[in-house]
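Printed here is query.cif (mmCIF, C-alpha atoms):
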```cif
data_target
#
loop_
_atom_site.label_atom_id
_atom_site.label_comp_id
_atom_site.auth_asym_id
_atom_site.auth_seq_id
_atom_site.Cartn_x
_atom_site.Cartn_y
_atom_site.Cartn_z
CA MET A 1 117.13 30.94 88.16
CA ASP A 2 114.58 29.60 85.73
CA GLN A 3 114.65 25.87 85.60
CA SER A 4 113.75 26.17 81.91
CA ARG A 5 116.90 28.18 81.17
CA ARG A 6 118.99 25.58 82.90
CA ASP A 7 117.22 22.92 80.87
CA VAL A 8 117.90 24.69 77.58
CA LEU A 9 121.59 25.00 78.34
CA ARG A 10 121.82 21.46 79.55
CA ALA A 11 119.92 20.18 76.52
CA GLY A 12 122.46 21.86 74.27
CA GLY A 13 125.03 19.42 75.56
CA GLY A 14 128.75 19.94 75.12
CA ALA A 15 128.37 21.65 71.79
CA GLY A 16 125.53 23.87 73.01
CA VAL A 17 127.49 26.74 74.47
CA PHE A 18 129.93 26.69 71.58
CA ALA A 19 127.09 26.87 69.10
CA LEU A 20 125.47 29.77 71.00
CA LEU A 21 128.74 31.73 71.00
CA ALA A 22 129.34 31.02 67.35
CA ALA A 23 125.84 32.14 66.47
CA ALA A 24 126.37 35.32 68.46
CA GLY A 25 129.42 36.02 66.32
CA MET A 26 131.69 35.92 69.32
CA LEU A 27 134.02 33.37 67.78
CA GLN A 28 135.77 34.98 64.86
CA PRO A 29 138.30 33.13 62.78
CA GLU A 30 141.70 34.72 63.20
CA ALA A 31 142.50 34.42 59.53
CA ALA A 32 140.19 35.97 56.99
CA PHE A 33 139.91 33.90 53.85
CA ALA A 34 142.96 34.98 51.90
CA ALA A 35 141.03 34.50 48.70
CA GLU A 36 137.38 33.64 48.17
CA TRP A 37 136.61 30.23 46.78
CA ASN A 38 136.66 30.83 43.03
CA GLN A 39 133.58 28.90 41.96
CA LYS A 40 134.12 29.54 38.27
CA ALA A 41 137.68 28.21 38.44
CA PHE A 42 136.76 25.17 40.53
CA GLU A 43 133.87 24.28 38.21
CA ALA A 44 135.85 24.66 34.97
CA LYS A 45 135.83 21.41 33.02
CA ASN A 46 139.23 21.79 31.41
CA VAL A 47 142.60 23.36 32.10
CA LYS A 48 142.16 26.27 29.68
CA ASP A 49 138.86 27.34 31.22
CA ALA A 50 140.31 26.99 34.71
CA LEU A 51 143.32 29.14 33.76
CA ASP A 52 140.98 31.76 32.31
CA ALA A 53 138.87 31.79 35.47
CA LEU A 54 142.05 32.16 37.55
CA GLY A 55 143.11 35.12 35.43
CA ALA A 56 146.25 33.26 34.44
CA GLY A 57 145.96 33.92 30.70
CA THR A 58 148.65 31.96 28.86
CA PRO A 59 151.19 30.98 31.50
CA ILE A 60 154.88 30.76 30.61
CA ASN A 61 156.26 27.22 30.55
CA SER A 62 158.88 26.95 33.26
CA ASN A 63 161.49 24.41 34.30
CA ASP A 64 161.80 26.21 37.62
CA ILE A 65 158.71 24.45 38.91
CA VAL A 66 159.67 21.01 40.14
CA MET A 67 156.83 18.51 40.30
CA SER A 68 156.89 15.17 42.00
CA ALA A 69 154.21 12.70 41.01
CA PRO A 70 154.38 9.01 40.21
CA GLU A 71 154.83 7.82 36.61
CA ILE A 72 152.10 5.30 37.28
CA ALA A 73 149.50 5.73 40.00
CA GLU A 74 148.45 2.38 41.43
CA ASN A 75 145.34 3.92 42.88
CA GLY A 76 143.78 6.91 41.14
CA ALA A 77 141.92 7.83 44.32
CA VAL A 78 145.11 8.73 46.18
CA VAL A 79 147.92 10.13 44.04
CA PRO A 80 150.70 12.04 45.82
CA VAL A 81 151.65 15.28 44.08
CA GLY A 82 154.34 17.68 45.23
CA ALA A 83 155.37 21.00 43.78
CA VAL A 84 158.36 23.21 44.52
CA SER A 85 158.64 26.59 42.84
CA LYS A 86 162.12 28.05 42.47
CA ILE A 87 160.67 31.18 40.88
CA PRO A 88 161.40 34.22 43.07
CA GLY A 89 158.41 35.92 44.62
CA THR A 90 156.10 32.92 44.30
CA GLU A 91 152.69 33.93 45.66
CA SER A 92 150.63 30.87 44.85
CA ILE A 93 150.85 27.30 43.60
CA SER A 94 147.88 25.56 41.96
CA ILE A 95 147.34 21.99 40.82
CA LEU A 96 145.24 21.31 37.71
CA ILE A 97 144.30 17.87 36.43
CA ALA A 98 143.46 17.87 32.76
CA LYS A 99 141.16 14.87 32.51
CA ASN A 100 139.25 15.22 35.76
CA PRO A 101 135.58 16.23 35.56
CA THR A 102 136.67 19.60 36.93
CA SER A 103 140.32 20.47 36.35
CA LEU A 104 141.34 22.73 39.24
CA ALA A 105 142.16 20.60 42.27
CA ALA A 106 143.77 23.10 44.64
CA SER A 107 145.29 26.54 45.02
CA PHE A 108 147.80 27.28 47.77
CA ASP A 109 148.61 30.85 48.79
CA ILE A 110 152.24 31.20 49.90
CA PRO A 111 152.71 34.06 52.36
CA SER A 112 156.17 35.57 52.75
CA GLY A 113 158.20 33.42 55.12
CA THR A 114 156.61 30.23 53.84
CA GLU A 115 158.52 28.06 51.39
CA ALA A 116 157.07 27.72 47.90
CA SER A 117 156.68 24.00 48.34
CA VAL A 118 153.55 21.95 48.95
CA SER A 119 152.67 18.26 48.95
CA THR A 120 149.24 16.74 48.91
CA ARG A 121 147.29 13.83 47.44
CA VAL A 122 144.74 14.09 44.66
CA LYS A 123 142.21 11.96 42.81
CA LEU A 124 142.84 11.25 39.14
CA ALA A 125 139.90 9.98 37.08
CA GLU A 126 142.18 8.49 34.41
CA THR A 127 145.64 8.83 32.86
CA THR A 128 146.19 12.55 32.49
CA ASP A 129 148.55 15.49 32.51
CA VAL A 130 148.86 17.06 35.94
CA HIS A 131 149.75 20.75 35.70
CA VAL A 132 151.28 22.99 38.33
CA LEU A 133 150.59 26.70 37.94
CA VAL A 134 152.66 29.25 39.82
CA LYS A 135 151.86 32.91 40.27
CA ALA A 136 154.99 34.94 40.99
CA GLN A 137 155.27 38.71 41.03
CA GLY A 138 152.04 39.03 39.11
CA LYS A 139 153.04 36.63 36.31
CA TYR A 140 151.95 33.05 35.71
CA TYR A 141 154.16 30.04 35.01
CA ILE A 142 153.24 26.43 34.37
CA THR A 143 154.66 22.95 34.03
CA LYS A 144 153.11 19.52 33.64
CA LYS A 145 153.75 15.82 34.05
CA GLU A 146 151.77 12.88 32.73
CA VAL A 147 150.58 10.42 35.36
CA LYS A 148 149.28 7.05 34.17
CA VAL A 149 146.35 5.64 36.11
CA THR A 150 145.36 2.00 36.17
CA ILE A 151 142.32 2.28 38.46
CA GLY A 152 140.48 5.59 38.14
CA GLY A 153 139.95 7.65 41.25
CA CYS A 154 136.57 9.31 41.01
CA GLY A 155 134.58 6.21 41.89
CA GLY A 156 131.99 6.91 39.23
CA MET B 157 132.15 17.43 65.26
CA ALA B 158 134.39 15.72 62.70
CA ASP B 159 137.36 13.58 63.69
CA PRO B 160 140.52 15.43 64.74
CA MET B 161 143.34 16.26 62.37
CA ARG B 162 146.75 14.82 63.00
CA ILE B 163 149.34 17.56 62.85
CA ARG B 164 153.08 17.05 63.10
CA ALA B 165 155.24 20.19 63.19
CA THR B 166 158.97 19.60 63.38
CA ALA B 167 161.77 22.14 63.68
CA LYS B 168 164.54 21.55 61.16
CA ASP B 169 167.05 23.62 59.16
CA GLY B 170 165.90 26.94 60.59
CA GLY B 171 162.32 26.31 59.70
CA ILE B 172 159.32 24.22 60.53
CA ASN B 173 158.06 21.25 58.53
CA VAL B 174 154.33 20.73 58.94
CA LYS B 175 152.51 17.55 57.99
CA ILE B 176 148.76 17.34 58.41
CA LEU B 177 146.34 14.47 57.96
CA MET B 178 142.70 15.57 58.01
CA ALA B 179 139.68 13.34 58.41
CA HIS B 180 137.15 14.21 55.73
CA GLU B 181 135.14 12.29 53.16
CA MET B 182 135.99 14.70 50.28
CA GLU B 183 132.92 13.46 48.40
CA THR B 184 133.10 14.73 44.84
CA GLY B 185 129.44 14.72 43.99
CA GLN B 186 130.22 12.48 40.99
CA ARG B 187 129.34 9.21 42.68
CA LYS B 188 125.88 7.65 42.77
CA ASP B 189 124.46 5.47 45.49
CA SER B 190 123.06 2.00 44.90
CA ALA B 191 119.67 3.49 43.99
CA GLY B 192 121.33 5.60 41.30
CA LYS B 193 120.94 8.87 43.20
CA PRO B 194 123.93 11.21 43.18
CA ILE B 195 125.75 11.40 46.51
CA PRO B 196 126.00 15.12 47.31
CA ALA B 197 129.38 16.82 47.15
CA HIS B 198 130.93 17.29 50.60
CA PHE B 199 134.50 18.50 50.57
CA ILE B 200 136.91 20.89 52.28
CA THR B 201 136.98 24.20 50.44
CA HIS B 202 139.40 26.16 52.59
CA VAL B 203 142.41 25.41 54.80
CA SER B 204 144.33 27.89 56.93
CA ALA B 205 147.40 27.34 59.09
CA MET B 206 148.38 29.87 61.76
CA TRP B 207 151.56 30.36 63.78
CA GLN B 208 151.98 33.18 66.34
CA GLY B 209 149.00 35.02 64.89
CA LYS B 210 150.44 34.85 61.37
CA GLU B 211 148.85 32.84 58.58
CA VAL B 212 151.59 30.56 57.25
CA LEU B 213 149.49 28.79 54.63
CA SER B 214 146.13 29.28 53.03
CA ALA B 215 144.55 27.01 50.48
CA ASN B 216 141.36 26.73 48.45
CA TRP B 217 140.47 23.17 47.53
CA GLY B 218 138.14 21.37 45.17
CA PRO B 219 136.77 17.84 45.52
CA ALA B 220 139.75 16.32 43.68
CA ILE B 221 141.81 16.41 46.84
CA ALA B 222 141.91 12.81 48.05
CA LYS B 223 139.76 11.56 50.93
CA ASN B 224 141.36 12.11 54.33
CA PRO B 225 143.51 14.90 52.92
CA PHE B 226 147.24 15.02 53.43
CA LEU B 227 149.08 18.32 53.33
CA GLU B 228 152.74 19.15 53.87
CA PHE B 229 154.50 22.52 53.76
CA ASN B 230 157.41 24.39 55.38
CA PHE B 231 157.84 27.86 56.79
CA LYS B 232 160.79 29.83 58.20
CA GLY B 233 161.20 30.63 61.85
CA GLY B 234 159.43 28.87 64.66
CA LYS B 235 160.73 27.18 67.79
CA LYS B 236 159.98 24.06 69.73
CA GLY B 237 157.00 24.49 71.98
CA GLU B 238 155.31 27.15 69.84
CA LYS B 239 151.90 26.23 68.51
CA ILE B 240 150.41 25.78 65.06
CA GLN B 241 146.64 25.93 64.49
CA VAL B 242 145.09 24.45 61.38
CA THR B 243 141.48 25.17 60.37
CA TRP B 244 139.47 23.63 57.59
CA THR B 245 136.07 24.74 56.31
CA ASP B 246 133.94 22.67 53.95
CA ASN B 247 131.26 23.37 51.36
CA LYS B 248 128.52 22.73 53.92
CA GLY B 249 130.00 25.36 56.23
CA GLU B 250 131.35 22.78 58.66
CA LYS B 251 134.59 23.78 60.26
CA ARG B 252 137.28 22.27 62.42
CA THR B 253 140.40 23.68 64.10
CA ASP B 254 143.17 21.61 65.65
CA GLU B 255 146.38 22.67 67.31
CA ALA B 256 149.80 21.11 67.75
CA SER B 257 153.09 22.09 69.33
CA ILE B 258 156.28 22.30 67.33
CA ASN B 259 158.74 19.64 68.42
#
```

Kindly return the structure encoded in the file as structure tokens.
Amino acid sequence: MDQSRRDVLRAGGGAGVFALLAAAGMLQPEAAFAAEWNQKAFEAKNVKDALDALGAGTPINSNDIVMSAPEIAENGAVVPVGAVSKIPGTESISILIAKNPTSLAASFDIPSGTEASVSTRVKLAETTDVHVLVKAQGKYYITKKEVKVTIGGCGG
Amino acid sequence: MADPMRIRATAKDGGINVKILMAHEMETGQRKDSAGKPIPAHFITHVSAMWQGKEVLSANWGPAIAKNPFLEFNFKGGKKGEKIQVTWTDNKGEKRTDEASIN
């Protein structure tokens, strides 16, 4: 065998073969992206524009979305937010942060068999309303909670 | 390759509770370095969790998710010993998949 071929493979190191296979398209992700990253929504600078970009129109205010978030966030860089949707047929849950430079923080797609309940941690630039948007059976619902921030979380 | 995720999948109440801690800078692109130059955005844009060939969660993220992201969710079914795979992809096209057994 060519010594040079051996050298090329060896030079690739541990990641080399993996990279070759990936480049050859032989490693396919099992899950296609359920939804493409919505650039317009993620770059919207306020909640209204983000809702428009998400196609959510004017969501219905709902008490059937239960949010957990602290009254006061000690550290704006790491604020726990949880959302449970009791609305039947919930397809997605999104978190929007009104006073962040860009309002849409996350969108979770809930396949059937998965509970409509997510928890994560977000950055808050300053005291703000945190909104949770739910899409259920083609309609949009929303609720919000104010979170006070003493030390802002965007580091800017 | 980036640091591994920590995944804990626990069977309870007829379903599985999944907690994930990912290692990622989640740089917003808002910060500037000491020379005043903006630090480029570098954040996870997509997360997917798989169980038995079925996608049990999918998420699109922006940079407001906190550094070293935490994620928790629950799905029905699942048994001890079965595996969960979690994959994240970021805005630079970097990707990481980790796997854990349900216990």

| task | Tell me which of B:Val242, B:Ala158, B:Met182, B:Ile195 sits closest to Gly218 (chain B), counting all atoms listed in the file. | result |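 That would be B:Met182, the residue with the smallest distance to Gly218 (chain B).
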
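The interatomic distance for the pair CA of Ile151 (chain A) and CA of Asp49 (chain A) works out to 26.3 Å.
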
| query | Counting only C-alpha atoms, which residues come within 8 Å of (132.8, 13.8, 47.0), with the point read in the file's coordinates, and could you list them as a list in words? | reply |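 The answer, in the requested form, is Glu181, Met182, Glu183, Thr184, Gly185, Gln186, Arg187, Ile195, Pro196, Ala197, His198, Phe199 and Pro219 of chain B.
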
With C-alpha atoms kept, could you save the residues just selected as a PDB file, in the frame of the given file?
```
ATOM      1  CA  GLU B 181     135.140  12.290  53.160  1.00  0.00           C
ATOM      2  CA  MET B 182     135.990  14.700  50.280  1.00  0.00           C
ATOM      3  CA  GLU B 183     132.920  13.460  48.400  1.00  0.00           C
ATOM      4  CA  THR B 184     133.100  14.730  44.840  1.00  0.00           C
ATOM      5  CA  GLY B 185     129.440  14.720  43.990  1.00  0.00           C
ATOM      6  CA  GLN B 186     130.220  12.480  40.990  1.00  0.00           C
ATOM      7  CA  ARG B 187     129.340   9.210  42.680  1.00  0.00           C
ATOM      8  CA  ILE B 195     125.750  11.400  46.510  1.00  0.00           C
ATOM      9  CA  PRO B 196     126.000  15.120  47.310  1.00  0.00           C
ATOM     10  CA  ALA B 197     129.380  16.820  47.150  1.00  0.00           C
ATOM     11  CA  HIS B 198     130.930  17.290  50.600  1.00  0.00           C
ATOM     12  CA  PHE B 199     134.500  18.500  50.570  1.00  0.00           C
ATOM     13  CA  PRO B 219     136.770  17.840  45.520  1.00  0.00           C
TER      14      PRO B 219
END
```

| task | Can you pull out every residue within 7 Å of Gln241 (chain B), counting all atoms listed in the file, but drop anything in the same chain fewer than 5 positions away, and send it as a list in words? | result |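 Contacts, with the query itself left out: Ala205, Met206, Trp207, Thr253, Asp254, Glu255 and Ala256 of chain B.
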
| task | Report the distance between CA of Val149 (chain A) and CA of Pro101 (chain A) in Å, rounded to one decimal place. | result |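 Straight-line distance from CA of Val149 (chain A) to CA of Pro101 (chain A) works out to 15.1 Å.
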
| request: Let me know the residues the PyMOL selection byres ((chain A) within 7 of (chain B)) catches in the file above, as a PyMOL selection string. | output: chain A and resi 31+34+37+42+77-78+104-111+113-115+117-123+155-156

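For the pair CA of Asn61 (chain A) and CA of Thr150 (chain A), the interatomic distance is 28.0 Å.
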
| A:Ala116, A:Val130, A:Ala44, A:Ala56: which is nearest Ser92 (chain A), counting all atoms listed in the file? |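 The answer is A:Ala116, which sits nearest to Ser92 (chain A).
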
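Of the residues listed (A:Tyr141, A:Glu146, A:Gly153, A:Thr102), A:Tyr141 shows the shortest atom-to-atom separation from Gly57 (chain A); distances use all atoms listed in the file.
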
| request: Run the PyMOL selection byres ((chain A and resi 46) around 10) mentally over the shown coordinates, then write out the matched residues as a ChimeraX atom specification, using the chain letters and numbers from the document. | output: /A:41,43-45,47-51,96-104

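When all atoms listed in the file are used to measure the gap to Asn259 (chain B), the shortest distance among B:Ala191, B:Thr245, B:Met161, B:Lys168 belongs to B:Lys168.
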
| request: Using all atoms listed in the file, determine which residues lie at most 10 Å from Pro88 (chain A), disregarding the query and same-chain residues fewer than 3 positions distant; provide the list as a ChimeraX atom specification. | output: /A:64,85,91,116,136-137
